[in-house]
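Source file: query_34.cif. Holds: mmCIF, C-alpha atoms.
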data_work
#
loop_
_atom_site.label_atom_id
_atom_site.label_comp_id
_atom_site.auth_asym_id
_atom_site.auth_seq_id
_atom_site.Cartn_x
_atom_site.Cartn_y
_atom_site.Cartn_z
CA MET A 67 119.61 76.44 154.34
CA ASN A 68 118.49 80.03 154.80
CA GLU A 69 119.33 80.80 151.20
CA MET A 70 117.33 77.84 149.99
CA ILE A 71 114.26 78.96 151.95
CA SER A 72 114.66 82.48 150.56
CA THR A 73 114.82 81.12 147.01
CA LEU A 74 111.77 78.96 147.57
CA VAL A 75 109.84 81.94 148.96
CA PHE A 76 110.73 83.99 145.89
CA TYR A 77 109.54 81.27 143.51
CA ALA A 78 106.32 80.83 145.49
CA MET A 79 105.62 84.56 145.24
CA ALA A 80 106.48 84.57 141.53
CA MET A 81 104.03 81.72 140.96
CA VAL A 82 101.30 83.58 142.85
CA ILE A 83 101.90 86.79 140.90
CA LEU A 84 102.10 85.21 137.44
CA GLY A 85 99.28 82.71 138.04
CA THR A 86 96.85 85.32 139.25
CA ALA A 87 97.88 87.72 136.46
CA LEU A 88 97.16 85.01 133.88
CA GLY A 89 93.84 84.43 135.60
CA VAL A 90 93.00 88.14 135.28
CA VAL A 91 93.52 88.00 131.53
CA MET A 92 91.99 84.60 130.83
CA SER A 93 88.95 84.63 133.15
CA ARG A 94 85.54 84.65 131.48
CA ASN A 95 83.92 86.55 134.34
CA LEU A 96 84.92 90.15 135.02
CA VAL A 97 84.28 89.88 138.76
CA HIS A 98 86.68 86.92 138.97
CA SER A 99 89.21 89.03 137.07
CA ALA A 100 88.87 91.81 139.65
CA LEU A 101 89.32 89.42 142.57
CA LEU A 102 92.36 87.77 140.98
CA MET A 103 93.81 91.22 140.34
CA THR A 104 93.57 91.91 144.08
CA ALA A 105 95.42 88.66 144.77
CA CYS A 106 98.08 89.65 142.24
CA PHE A 107 98.58 93.00 143.99
CA ILE A 108 98.92 91.22 147.33
CA GLY A 109 101.64 89.05 145.75
CA VAL A 110 103.45 92.14 144.48
CA GLY A 111 103.22 93.69 147.96
CA MET A 112 104.78 90.56 149.46
CA LEU A 113 107.55 90.80 146.88
CA PHE A 114 108.19 94.39 148.03
CA PHE A 115 108.56 93.16 151.62
CA TYR A 116 110.93 90.47 150.34
CA LEU A 117 113.04 93.16 148.65
CA ASP A 118 113.34 95.12 151.94
CA ALA A 119 110.95 97.86 150.82
CA ASP A 120 108.57 97.62 153.76
CA PHE A 121 106.95 101.05 153.36
CA LEU A 122 106.21 100.36 149.71
CA GLY A 123 104.78 96.96 150.60
CA ALA A 124 102.35 98.56 153.01
CA MET A 125 101.51 101.21 150.41
CA GLU A 126 100.86 98.54 147.79
CA PHE A 127 98.49 96.69 150.14
CA MET A 128 96.57 99.86 151.04
CA LEU A 129 96.41 101.62 147.67
CA TYR A 130 96.33 98.79 145.15
CA SER A 131 94.72 95.82 146.87
CA GLY A 132 92.52 98.23 148.86
CA GLY A 133 91.72 101.31 146.82
CA VAL A 134 92.22 100.29 143.20
CA ALA A 135 90.45 96.96 143.69
CA ILE A 136 87.38 98.68 145.15
CA LEU A 137 87.38 101.26 142.34
CA VAL A 138 87.56 98.53 139.70
CA VAL A 139 84.78 96.49 141.30
CA MET A 140 82.65 99.64 141.46
CA GLY A 141 83.40 100.22 137.79
CA VAL A 142 82.26 96.67 136.98
CA MET A 143 79.08 97.22 138.98
CA LEU A 144 78.25 100.59 137.39
CA THR A 145 78.77 99.44 133.81
CA LYS A 146 76.86 96.14 133.91
CA ARG A 147 74.11 95.91 131.32
CA HIS A 148 72.47 92.48 131.53
CA ASP A 149 71.55 90.22 134.36
CA GLY A 150 74.04 87.48 135.11
CA PRO A 151 77.81 87.70 135.43
CA PRO A 152 79.56 90.48 133.49
CA GLY A 153 81.50 88.97 130.62
CA ASN A 154 85.12 89.57 129.72
CA PRO A 155 85.41 88.86 125.98
CA PHE A 156 88.45 89.03 123.72
CA ASN A 157 88.46 91.24 120.64
CA ASN A 158 89.67 90.37 117.12
CA ASN A 159 93.31 91.27 117.74
CA THR A 160 94.07 88.30 120.00
CA ILE A 161 96.73 86.74 117.76
CA LEU A 162 98.45 90.07 117.17
CA ALA A 163 98.41 90.93 120.88
CA LEU A 164 99.73 87.48 121.81
CA GLY A 165 102.51 87.85 119.25
CA GLY A 166 103.45 91.30 120.52
CA ALA A 167 103.47 90.26 124.16
CA GLY A 168 105.45 87.08 123.39
CA LEU A 169 107.99 89.03 121.34
CA PHE A 170 108.35 91.53 124.18
CA VAL A 171 109.02 88.88 126.80
CA LEU A 172 111.52 87.06 124.54
CA VAL A 173 113.44 90.28 123.87
CA MET A 174 113.44 91.12 127.59
CA ILE A 175 114.74 87.66 128.54
CA GLY A 176 117.57 88.07 126.03
CA VAL A 177 118.42 91.55 127.29
CA VAL A 178 118.38 90.55 130.97
CA ILE A 179 120.54 87.46 130.39
CA SER A 180 123.10 89.20 128.18
CA THR A 181 123.54 92.40 130.21
CA PRO A 182 126.20 92.34 132.94
CA VAL A 183 125.12 94.21 136.07
CA PRO A 184 127.60 95.36 138.70
CA ALA A 185 126.90 93.65 141.99
CA GLY A 186 125.92 95.82 144.90
CA GLY A 187 122.88 96.62 146.89
CA TYR A 188 121.44 99.02 149.35
CA VAL A 189 119.21 98.16 152.30
CA SER A 190 117.91 101.01 154.40
CA PRO A 191 117.49 100.39 158.11
CA ASP A 192 114.50 102.76 158.22
CA THR A 193 112.76 103.26 154.89
CA VAL A 194 110.02 105.57 156.19
CA ASN A 195 112.43 108.14 157.64
CA GLU A 196 114.73 108.05 154.66
CA LEU A 197 111.91 108.36 152.12
CA ALA A 198 110.42 111.26 154.07
CA ASP A 199 113.80 113.01 154.18
CA MET A 200 114.27 112.67 150.43
CA MET A 201 110.70 113.60 149.62
CA LEU A 202 110.76 116.85 151.61
CA ASN A 203 114.30 117.97 150.74
CA ARG A 204 115.79 117.01 147.43
CA TYR A 205 112.62 115.78 145.69
CA ILE A 206 110.23 118.46 146.93
CA LEU A 207 109.28 119.55 143.39
CA PRO A 208 108.03 116.13 142.19
CA PHE A 209 106.22 115.83 145.51
CA GLU A 210 104.35 119.10 144.90
CA ILE A 211 103.63 118.14 141.29
CA ALA A 212 102.17 114.83 142.51
CA ALA A 213 99.96 116.75 144.92
CA THR A 214 98.71 118.97 142.07
CA LEU A 215 98.13 115.91 139.88
CA LEU A 216 96.04 114.27 142.60
CA LEU A 217 93.92 117.42 142.98
CA ALA A 218 93.40 117.64 139.22
CA ALA A 219 92.49 113.94 139.05
CA LEU A 220 90.03 114.32 141.91
CA VAL A 221 88.25 117.30 140.32
CA GLY A 222 88.39 115.73 136.86
CA ALA A 223 86.94 112.39 138.02
CA ILE A 224 84.06 114.15 139.81
CA ILE A 225 83.25 116.32 136.80
CA LEU A 226 83.51 113.39 134.36
CA ALA A 227 81.24 111.18 136.46
CA LYS A 228 78.72 113.94 137.18
CA GLY A 229 78.23 114.83 133.54
CA ASP A 230 77.38 118.02 131.71
CA GLY A 231 74.61 120.11 133.22
CA GLU A 232 73.46 117.50 135.73
CA ALA A 233 73.19 118.86 139.25
CA MET B 31 121.41 79.80 143.78
CA SER B 32 120.39 83.01 145.47
CA ILE B 33 117.85 85.44 144.08
CA GLY B 34 119.36 88.42 142.29
CA LEU B 35 118.44 91.27 140.02
CA GLY B 36 117.90 89.03 137.00
CA HIS B 37 115.17 86.98 138.66
CA CYS B 38 113.18 90.07 139.59
CA LEU B 39 113.62 91.61 136.13
CA LEU B 40 112.43 88.41 134.43
CA LEU B 41 109.41 88.21 136.73
CA ALA B 42 108.57 91.85 135.98
CA ALA B 43 108.98 91.30 132.23
CA MET B 44 106.56 88.37 132.31
CA LEU B 45 104.04 90.31 134.39
CA PHE B 46 104.36 93.26 131.98
CA SER B 47 103.75 91.10 128.93
CA ILE B 48 100.69 89.49 130.55
CA GLY B 49 99.35 92.98 131.26
CA LEU B 50 100.17 94.08 127.70
CA TYR B 51 98.27 91.10 126.29
CA GLY B 52 95.29 91.92 128.51
CA ALA B 53 95.33 95.59 127.51
CA LEU B 54 95.56 94.82 123.78
CA ALA B 55 93.25 91.83 123.44
CA LYS B 56 90.23 92.77 125.57
CA ARG B 57 86.93 94.36 124.58
CA ASN B 58 85.81 95.70 127.93
CA ILE B 59 87.22 99.05 129.12
CA ILE B 60 87.44 97.82 132.72
CA ALA B 61 89.45 94.76 131.60
CA ILE B 62 91.81 97.04 129.66
CA LEU B 63 92.28 99.12 132.83
CA MET B 64 93.17 95.94 134.73
CA GLY B 65 95.84 95.13 132.14
CA ILE B 66 97.30 98.62 132.49
CA GLU B 67 97.41 98.20 136.27
CA LEU B 68 99.35 94.94 135.88
CA MET B 69 101.85 96.73 133.64
CA LEU B 70 102.29 99.54 136.19
CA ASN B 71 102.97 96.97 138.90
CA ALA B 72 105.63 95.30 136.76
CA VAL B 73 107.39 98.66 136.40
CA ASN B 74 107.24 99.18 140.18
CA ILE B 75 108.87 95.78 140.73
CA ASN B 76 111.69 96.86 138.40
CA PHE B 77 112.24 100.11 140.34
CA VAL B 78 112.42 98.34 143.69
CA ALA B 79 114.65 95.54 142.37
CA PHE B 80 117.14 97.98 140.86
CA ASN B 81 117.20 99.90 144.13
CA ARG B 82 117.83 96.70 146.08
CA PHE B 83 120.45 94.97 143.92
CA THR B 84 122.55 97.57 142.06
CA VAL B 85 125.19 100.04 143.21
CA VAL B 86 123.21 102.88 144.76
CA SER B 87 123.55 104.70 148.05
CA ASP B 88 120.03 105.94 148.74
CA LEU B 89 116.36 105.07 148.16
CA THR B 90 115.81 106.95 144.89
CA GLY B 91 114.24 103.92 143.22
CA GLN B 92 111.74 103.43 146.01
CA LEU B 93 110.87 107.14 145.95
CA MET B 94 110.18 106.90 142.21
CA THR B 95 107.91 103.94 142.98
CA VAL B 96 105.95 106.15 145.39
CA PHE B 97 105.36 108.65 142.58
CA ALA B 98 104.54 105.89 140.09
CA ILE B 99 101.93 104.47 142.49
CA THR B 100 100.44 107.97 142.88
CA VAL B 101 100.12 108.40 139.13
CA GLY B 102 98.71 104.87 138.74
CA VAL B 103 95.98 105.43 141.30
CA ALA B 104 95.02 108.79 139.77
CA GLU B 105 94.91 107.07 136.38
CA VAL B 106 92.54 104.33 137.53
CA ALA B 107 90.23 106.88 139.16
CA ILE B 108 89.98 108.84 135.90
CA GLY B 109 89.63 105.60 133.91
CA VAL B 110 86.68 104.36 135.96
CA ALA B 111 85.02 107.80 135.74
CA LEU B 112 85.47 107.77 131.95
CA ALA B 113 84.06 104.24 131.67
CA TYR B 114 81.02 105.27 133.72
CA ARG B 115 80.51 108.35 131.54
CA ILE B 116 80.77 106.36 128.31
CA TYR B 117 78.38 103.74 129.63
CA ASN B 118 75.90 106.46 130.66
CA ASP B 119 75.98 108.12 127.25
CA ARG B 120 76.11 105.10 124.94
CA LEU B 121 75.06 102.07 127.01
CA THR B 122 78.16 100.12 126.03
CA ILE B 123 81.76 99.88 127.18
CA ASN B 124 82.87 97.68 124.31
CA VAL B 125 85.80 99.53 122.75
CA ASP B 126 85.07 98.04 119.31
CA GLU B 127 81.74 99.88 119.19
CA LEU B 128 83.25 103.26 120.14
CA ASP B 129 84.21 104.15 116.59
CA ASN B 130 82.28 107.33 115.81
CA MET B 131 85.53 109.19 115.06
CA LYS B 132 86.39 106.68 112.35
CA GLY B 133 86.65 108.35 108.93
#
For this file, write the structure as structure tokens.
Amino acid sequence: MNEMISTLVFYAMAMVILGTALGVVMSRNLVHSALLMTACFIGVGMLFFYLDADFLGAMEFMLYSGGVAILVVMGVMLTKRHDGPPGNPFNNNTILALGGAGLFVLVMIGVVISTPVPAGGYVSPDTVNELADMMLNRYILPFEIAATLLLAALVGAIILAKGDGEA
Amino acid sequence: MSIGLGHCLLLAAMLFSIGLYGALAKRNIIAILMGIELMLNAVNINFVAFNRFTVVSDLTGQLMTVFAITVGVAEVAIGVALAYRIYNDRLTINVDELDNMKG
């Protein structure tokens, strides 16, 4: 019974994620795309909770469905030219892109089905403590590099948006 | 039938290909950025699923997801700044019209 509920929950989340992702790509209105993208990120965050990654789920909610969504909506607002809803047109490579994406998903389905994976699994009782331990001991160098990257991105975004010679 | 690694990998592959289609077939820079974000999220699902269902003894996969999320957020900040700059200079964010480096 429990297992059946768990399976149903997974399929419900998968439907939310894939449905909203398709909506992002197919929507004619860019604002609808941005809203559906937020819903898709919320679905991915729920999937992280389902996979016992509670810290990452919270991070996904805060950074993606909070921060990235607001940044994208601001981008839509700042780059709107006409009155009326901002459009979201396709270019001339639609067939090629559809073929490439379809080929990719077919190859991935074949690979996943035909590859044997040793069973196992690891569930941490306290993800926050364990992640902090790893981040500040063994993986201190990537942590510092990420900090430098964030600083560079911050300065670069400000300079790019401000423009050359504008005060 | 209980949910295993294969289910998560298939879900991530489908999400990645939807994002790939969006990134390749759109005209608007912001829409292309959205496709790239979907692809990044698919990769994060893969990291977490491998950490949850294969033979590991620590949270390395989840830690890599933390770094991937960091890079993704920095990328979208730069992307939106670039789109704003391009719009300011050329009054368009249609990538088909940005061809002044074409020979």
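Between Asn74 in chain B and the residues B:Ala98, B:Ala111, B:Leu35, B:Leu121, the shortest atom-to-atom distance, using all atoms listed in the file, involves B:Ala98.
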Selection: 12 Å around Leu122 in chain A, only C-alpha atoms, excl. self and same-chain fewer than 5 positions, as a ChimeraX atom specification: /A:108,110-117,127-130,193-194,197 /B:71,74-75,77-78,89,91-100
Any chance you could resolve the PyMOL selection byres ((chain B and resi 52-56) around 10) against this file and give the residues as a VMD selection string? (chain A and resid 87 to 88 90 to 92 154 to 164 166 to 167) or (chain B and resid 46 to 51 57 to 69 124 to 126)
Within 7 Å of Thr86 in chain A, counting all atoms listed in the file, which residues show up once you throw out same-chain ones fewer than 3 positions away? Write them as a tab-separated table (two decimals) with C-alpha atoms, in the frame of the given file, please.
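Now in out_13.tsv:
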chain	number	residue	atom	x	y	z
A	82	VAL	CA	101.30	83.58	142.85
A	83	ILE	CA	101.90	86.79	140.90
A	89	GLY	CA	93.84	84.43	135.60
A	90	VAL	CA	93.00	88.14	135.28
A	102	LEU	CA	92.36	87.77	140.98
A	103	MET	CA	93.81	91.22	140.34
A	105	ALA	CA	95.42	88.66	144.77
A	106	CYS	CA	98.08	89.65	142.24
Across A:Phe121, A:Phe76, A:Glu196, A:Gly141, the smallest distance to Gly109 in chain B, with only C-alpha atoms counted, is shown by A:Gly141
Around all of range 55-66 of chain B's listed atoms, make the axis-aligned box with 6 Å on each side and tell me centre and edge lengths in Å to one decimal, as lines of an AutoDock Vina configuration file.
center_x = 91.6
center_y = 95.5
center_z = 129.1
size_x = 23.5
size_y = 19.3
size_z = 23.3
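Between CA of Leu96 in chain A and CA of Ala124 in chain A the interatomic distance comes to 26.4 Å.
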Pairwise distance, CA of Pro191 in chain A with CA of Asn76 in chain B, equals 20.8 Å
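CA of Phe209 in chain A lies 19.6 Å from CA of Val106 in chain B.
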On this structure, the PyMOL selection byres ((chain A and resi 228) around 12) would catch which residues? List them as a PyMOL selection string, sorted by chain and number. (chain A and resi 221-227+229-233) or (chain B and resi 111-112+114-116+118-119)
Any chance you could resolve the PyMOL selection byres ((chain A and resi 212) around 12) against this file and give the residues as a list in words? Met201, Tyr205, Ile206, Leu207, Pro208, Phe209, Glu210, Ile211, Ala213, Thr214, Leu215, Leu216, Leu217, Ala218 and Ala219 of chain A; Met94, Val96, Phe97, Ala98, Ile99, Thr100, Val101, Gly102, Val103 and Ala104 of chain B
Next, the residues of the selection above should be written as an mmCIF file, keeping the file's coordinate frame with C-alpha atoms.
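Wrote again.cif, looks like this:
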data_model
loop_
_atom_site.group_PDB
_atom_site.id
_atom_site.type_symbol
_atom_site.label_atom_id
_atom_site.label_comp_id
_atom_site.auth_asym_id
_atom_site.auth_seq_id
_atom_site.Cartn_x
_atom_site.Cartn_y
_atom_site.Cartn_z
ATOM 1 C CA MET A 201 110.700 113.600 149.620
ATOM 2 C CA TYR A 205 112.620 115.780 145.690
ATOM 3 C CA ILE A 206 110.230 118.460 146.930
ATOM 4 C CA LEU A 207 109.280 119.550 143.390
ATOM 5 C CA PRO A 208 108.030 116.130 142.190
ATOM 6 C CA PHE A 209 106.220 115.830 145.510
ATOM 7 C CA GLU A 210 104.350 119.100 144.900
ATOM 8 C CA ILE A 211 103.630 118.140 141.290
ATOM 9 C CA ALA A 213 99.960 116.750 144.920
ATOM 10 C CA THR A 214 98.710 118.970 142.070
ATOM 11 C CA LEU A 215 98.130 115.910 139.880
ATOM 12 C CA LEU A 216 96.040 114.270 142.600
ATOM 13 C CA LEU A 217 93.920 117.420 142.980
ATOM 14 C CA ALA A 218 93.400 117.640 139.220
ATOM 15 C CA ALA A 219 92.490 113.940 139.050
ATOM 16 C CA MET B 94 110.180 106.900 142.210
ATOM 17 C CA VAL B 96 105.950 106.150 145.390
ATOM 18 C CA PHE B 97 105.360 108.650 142.580
ATOM 19 C CA ALA B 98 104.540 105.890 140.090
ATOM 20 C CA ILE B 99 101.930 104.470 142.490
ATOM 21 C CA THR B 100 100.440 107.970 142.880
ATOM 22 C CA VAL B 101 100.120 108.400 139.130
ATOM 23 C CA GLY B 102 98.710 104.870 138.740
ATOM 24 C CA VAL B 103 95.980 105.430 141.300
ATOM 25 C CA ALA B 104 95.020 108.790 139.770
#
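Distance check against chain B using only C-alpha atoms: of A:Asn95, A:Ser131, A:Thr104, A:Thr145, the minimum falls on A:Thr145.
Distance check against chain A using all atoms listed in the file: of B:Ala42, B:Ala72, B:Glu127, B:Thr84, the minimum falls on B:Thr84.
Residue nearest Ala135 in chain A within the list B:Ile33, B:Leu40, B:Val110, B:Val85: B:Val110 [criterion: smallest interatomic distance, all atoms listed in the file].
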Choose the residue, out of A:Ala198, A:Met67, A:Leu74, A:Ala185, that has the smallest atom-to-atom separation from chain B; count only C-alpha atoms. A:Ala185
Since fewer atoms than expected are present, regenerate N, CA and C atoms for range 202-228 of chain A and write them as a PDB file, in the coordinates of the input.
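Listed below is the output, out_31.pdb:
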ATOM      1  N   LEU A 202     110.959 115.459 151.192  1.00  0.00           N
ATOM      2  CA  LEU A 202     110.760 116.850 151.610  1.00  0.00           C
ATOM      3  C   LEU A 202     112.008 117.700 151.455  1.00  0.00           C
ATOM      4  N   ASN A 203     113.130 117.124 150.977  1.00  0.00           N
ATOM      5  CA  ASN A 203     114.300 117.970 150.740  1.00  0.00           C
ATOM      6  C   ASN A 203     114.639 118.031 149.270  1.00  0.00           C
ATOM      7  N   ARG A 204     115.266 116.953 148.789  1.00  0.00           N
ATOM      8  CA  ARG A 204     115.790 117.010 147.430  1.00  0.00           C
ATOM      9  C   ARG A 204     114.670 116.876 146.396  1.00  0.00           C
ATOM     10  N   TYR A 205     113.659 116.054 146.676  1.00  0.00           N
ATOM     11  CA  TYR A 205     112.620 115.780 145.690  1.00  0.00           C
ATOM     12  C   TYR A 205     111.328 116.491 146.041  1.00  0.00           C
ATOM     13  N   ILE A 206     111.437 117.733 146.527  1.00  0.00           N
ATOM     14  CA  ILE A 206     110.230 118.460 146.930  1.00  0.00           C
ATOM     15  C   ILE A 206     109.399 118.844 145.710  1.00  0.00           C
ATOM     16  N   LEU A 207     110.046 119.121 144.573  1.00  0.00           N
ATOM     17  CA  LEU A 207     109.280 119.550 143.390  1.00  0.00           C
ATOM     18  C   LEU A 207     108.404 118.430 142.836  1.00  0.00           C
ATOM     19  N   PRO A 208     108.938 117.216 142.607  1.00  0.00           N
ATOM     20  CA  PRO A 208     108.030 116.130 142.190  1.00  0.00           C
ATOM     21  C   PRO A 208     106.920 115.863 143.196  1.00  0.00           C
ATOM     22  N   PHE A 209     107.237 116.037 144.480  1.00  0.00           N
ATOM     23  CA  PHE A 209     106.220 115.830 145.510  1.00  0.00           C
ATOM     24  C   PHE A 209     105.067 116.811 145.335  1.00  0.00           C
ATOM     25  N   GLU A 210     105.402 118.101 145.097  1.00  0.00           N
ATOM     26  CA  GLU A 210     104.350 119.100 144.900  1.00  0.00           C
ATOM     27  C   GLU A 210     103.583 118.839 143.609  1.00  0.00           C
ATOM     28  N   ILE A 211     104.307 118.417 142.564  1.00  0.00           N
ATOM     29  CA  ILE A 211     103.630 118.140 141.290  1.00  0.00           C
ATOM     30  C   ILE A 211     102.664 116.968 141.460  1.00  0.00           C
ATOM     31  N   ALA A 212     103.073 115.960 142.253  1.00  0.00           N
ATOM     32  CA  ALA A 212     102.170 114.830 142.510  1.00  0.00           C
ATOM     33  C   ALA A 212     100.928 115.301 143.250  1.00  0.00           C
ATOM     34  N   ALA A 213     101.116 116.240 144.186  1.00  0.00           N
ATOM     35  CA  ALA A 213      99.960 116.750 144.920  1.00  0.00           C
ATOM     36  C   ALA A 213      98.994 117.454 143.964  1.00  0.00           C
ATOM     37  N   THR A 214      99.551 118.280 143.041  1.00  0.00           N
ATOM     38  CA  THR A 214      98.710 118.970 142.070  1.00  0.00           C
ATOM     39  C   THR A 214      97.997 117.980 141.157  1.00  0.00           C
ATOM     40  N   LEU A 215      98.738 116.936 140.750  1.00  0.00           N
ATOM     41  CA  LEU A 215      98.130 115.910 139.880  1.00  0.00           C
ATOM     42  C   LEU A 215      96.961 115.237 140.574  1.00  0.00           C
ATOM     43  N   LEU A 216      97.127 114.930 141.875  1.00  0.00           N
ATOM     44  CA  LEU A 216      96.040 114.270 142.600  1.00  0.00           C
ATOM     45  C   LEU A 216      94.824 115.180 142.685  1.00  0.00           C
ATOM     46  N   LEU A 217      95.060 116.482 142.925  1.00  0.00           N
ATOM     47  CA  LEU A 217      93.920 117.420 142.980  1.00  0.00           C
ATOM     48  C   LEU A 217      93.209 117.473 141.640  1.00  0.00           C
ATOM     49  N   ALA A 218      94.003 117.568 140.550  1.00  0.00           N
ATOM     50  CA  ALA A 218      93.400 117.640 139.220  1.00  0.00           C
ATOM     51  C   ALA A 218      92.628 116.363 138.917  1.00  0.00           C
ATOM     52  N   ALA A 219      93.187 115.201 139.299  1.00  0.00           N
ATOM     53  CA  ALA A 219      92.490 113.940 139.050  1.00  0.00           C
ATOM     54  C   ALA A 219      91.197 113.850 139.832  1.00  0.00           C
ATOM     55  N   LEU A 220      91.238 114.350 141.080  1.00  0.00           N
ATOM     56  CA  LEU A 220      90.030 114.320 141.910  1.00  0.00           C
ATOM     57  C   LEU A 220      88.916 115.150 141.277  1.00  0.00           C
ATOM     58  N   VAL A 221      89.259 116.419 140.928  1.00  0.00           N
ATOM     59  CA  VAL A 221      88.250 117.300 140.320  1.00  0.00           C
ATOM     60  C   VAL A 221      87.784 116.732 138.988  1.00  0.00           C
ATOM     61  N   GLY A 222      88.740 116.249 138.177  1.00  0.00           N
ATOM     62  CA  GLY A 222      88.390 115.730 136.860  1.00  0.00           C
ATOM     63  C   GLY A 222      87.487 114.512 136.956  1.00  0.00           C
ATOM     64  N   ALA A 223      87.777 113.591 137.891  1.00  0.00           N
ATOM     65  CA  ALA A 223      86.940 112.390 138.020  1.00  0.00           C
ATOM     66  C   ALA A 223      85.537 112.771 138.439  1.00  0.00           C
ATOM     67  N   ILE A 224      85.400 113.745 139.371  1.00  0.00           N
ATOM     68  CA  ILE A 224      84.060 114.150 139.810  1.00  0.00           C
ATOM     69  C   ILE A 224      83.283 114.759 138.647  1.00  0.00           C
ATOM     70  N   ILE A 225      83.959 115.651 137.884  1.00  0.00           N
ATOM     71  CA  ILE A 225      83.250 116.320 136.800  1.00  0.00           C
ATOM     72  C   ILE A 225      82.879 115.332 135.696  1.00  0.00           C
ATOM     73  N   LEU A 226      83.802 114.387 135.388  1.00  0.00           N
ATOM     74  CA  LEU A 226      83.510 113.390 134.360  1.00  0.00           C
ATOM     75  C   LEU A 226      82.317 112.533 134.770  1.00  0.00           C
ATOM     76  N   ALA A 227      82.304 112.090 136.030  1.00  0.00           N
ATOM     77  CA  ALA A 227      81.240 111.180 136.460  1.00  0.00           C
ATOM     78  C   ALA A 227      79.916 111.898 136.609  1.00  0.00           C
ATOM     79  N   LYS A 228      79.958 113.192 136.955  1.00  0.00           N
ATOM     80  CA  LYS A 228      78.720 113.940 137.180  1.00  0.00           C
ATOM     81  C   LYS A 228      78.038 114.250 135.864  1.00  0.00           C
TER      82      LYS A 228
END
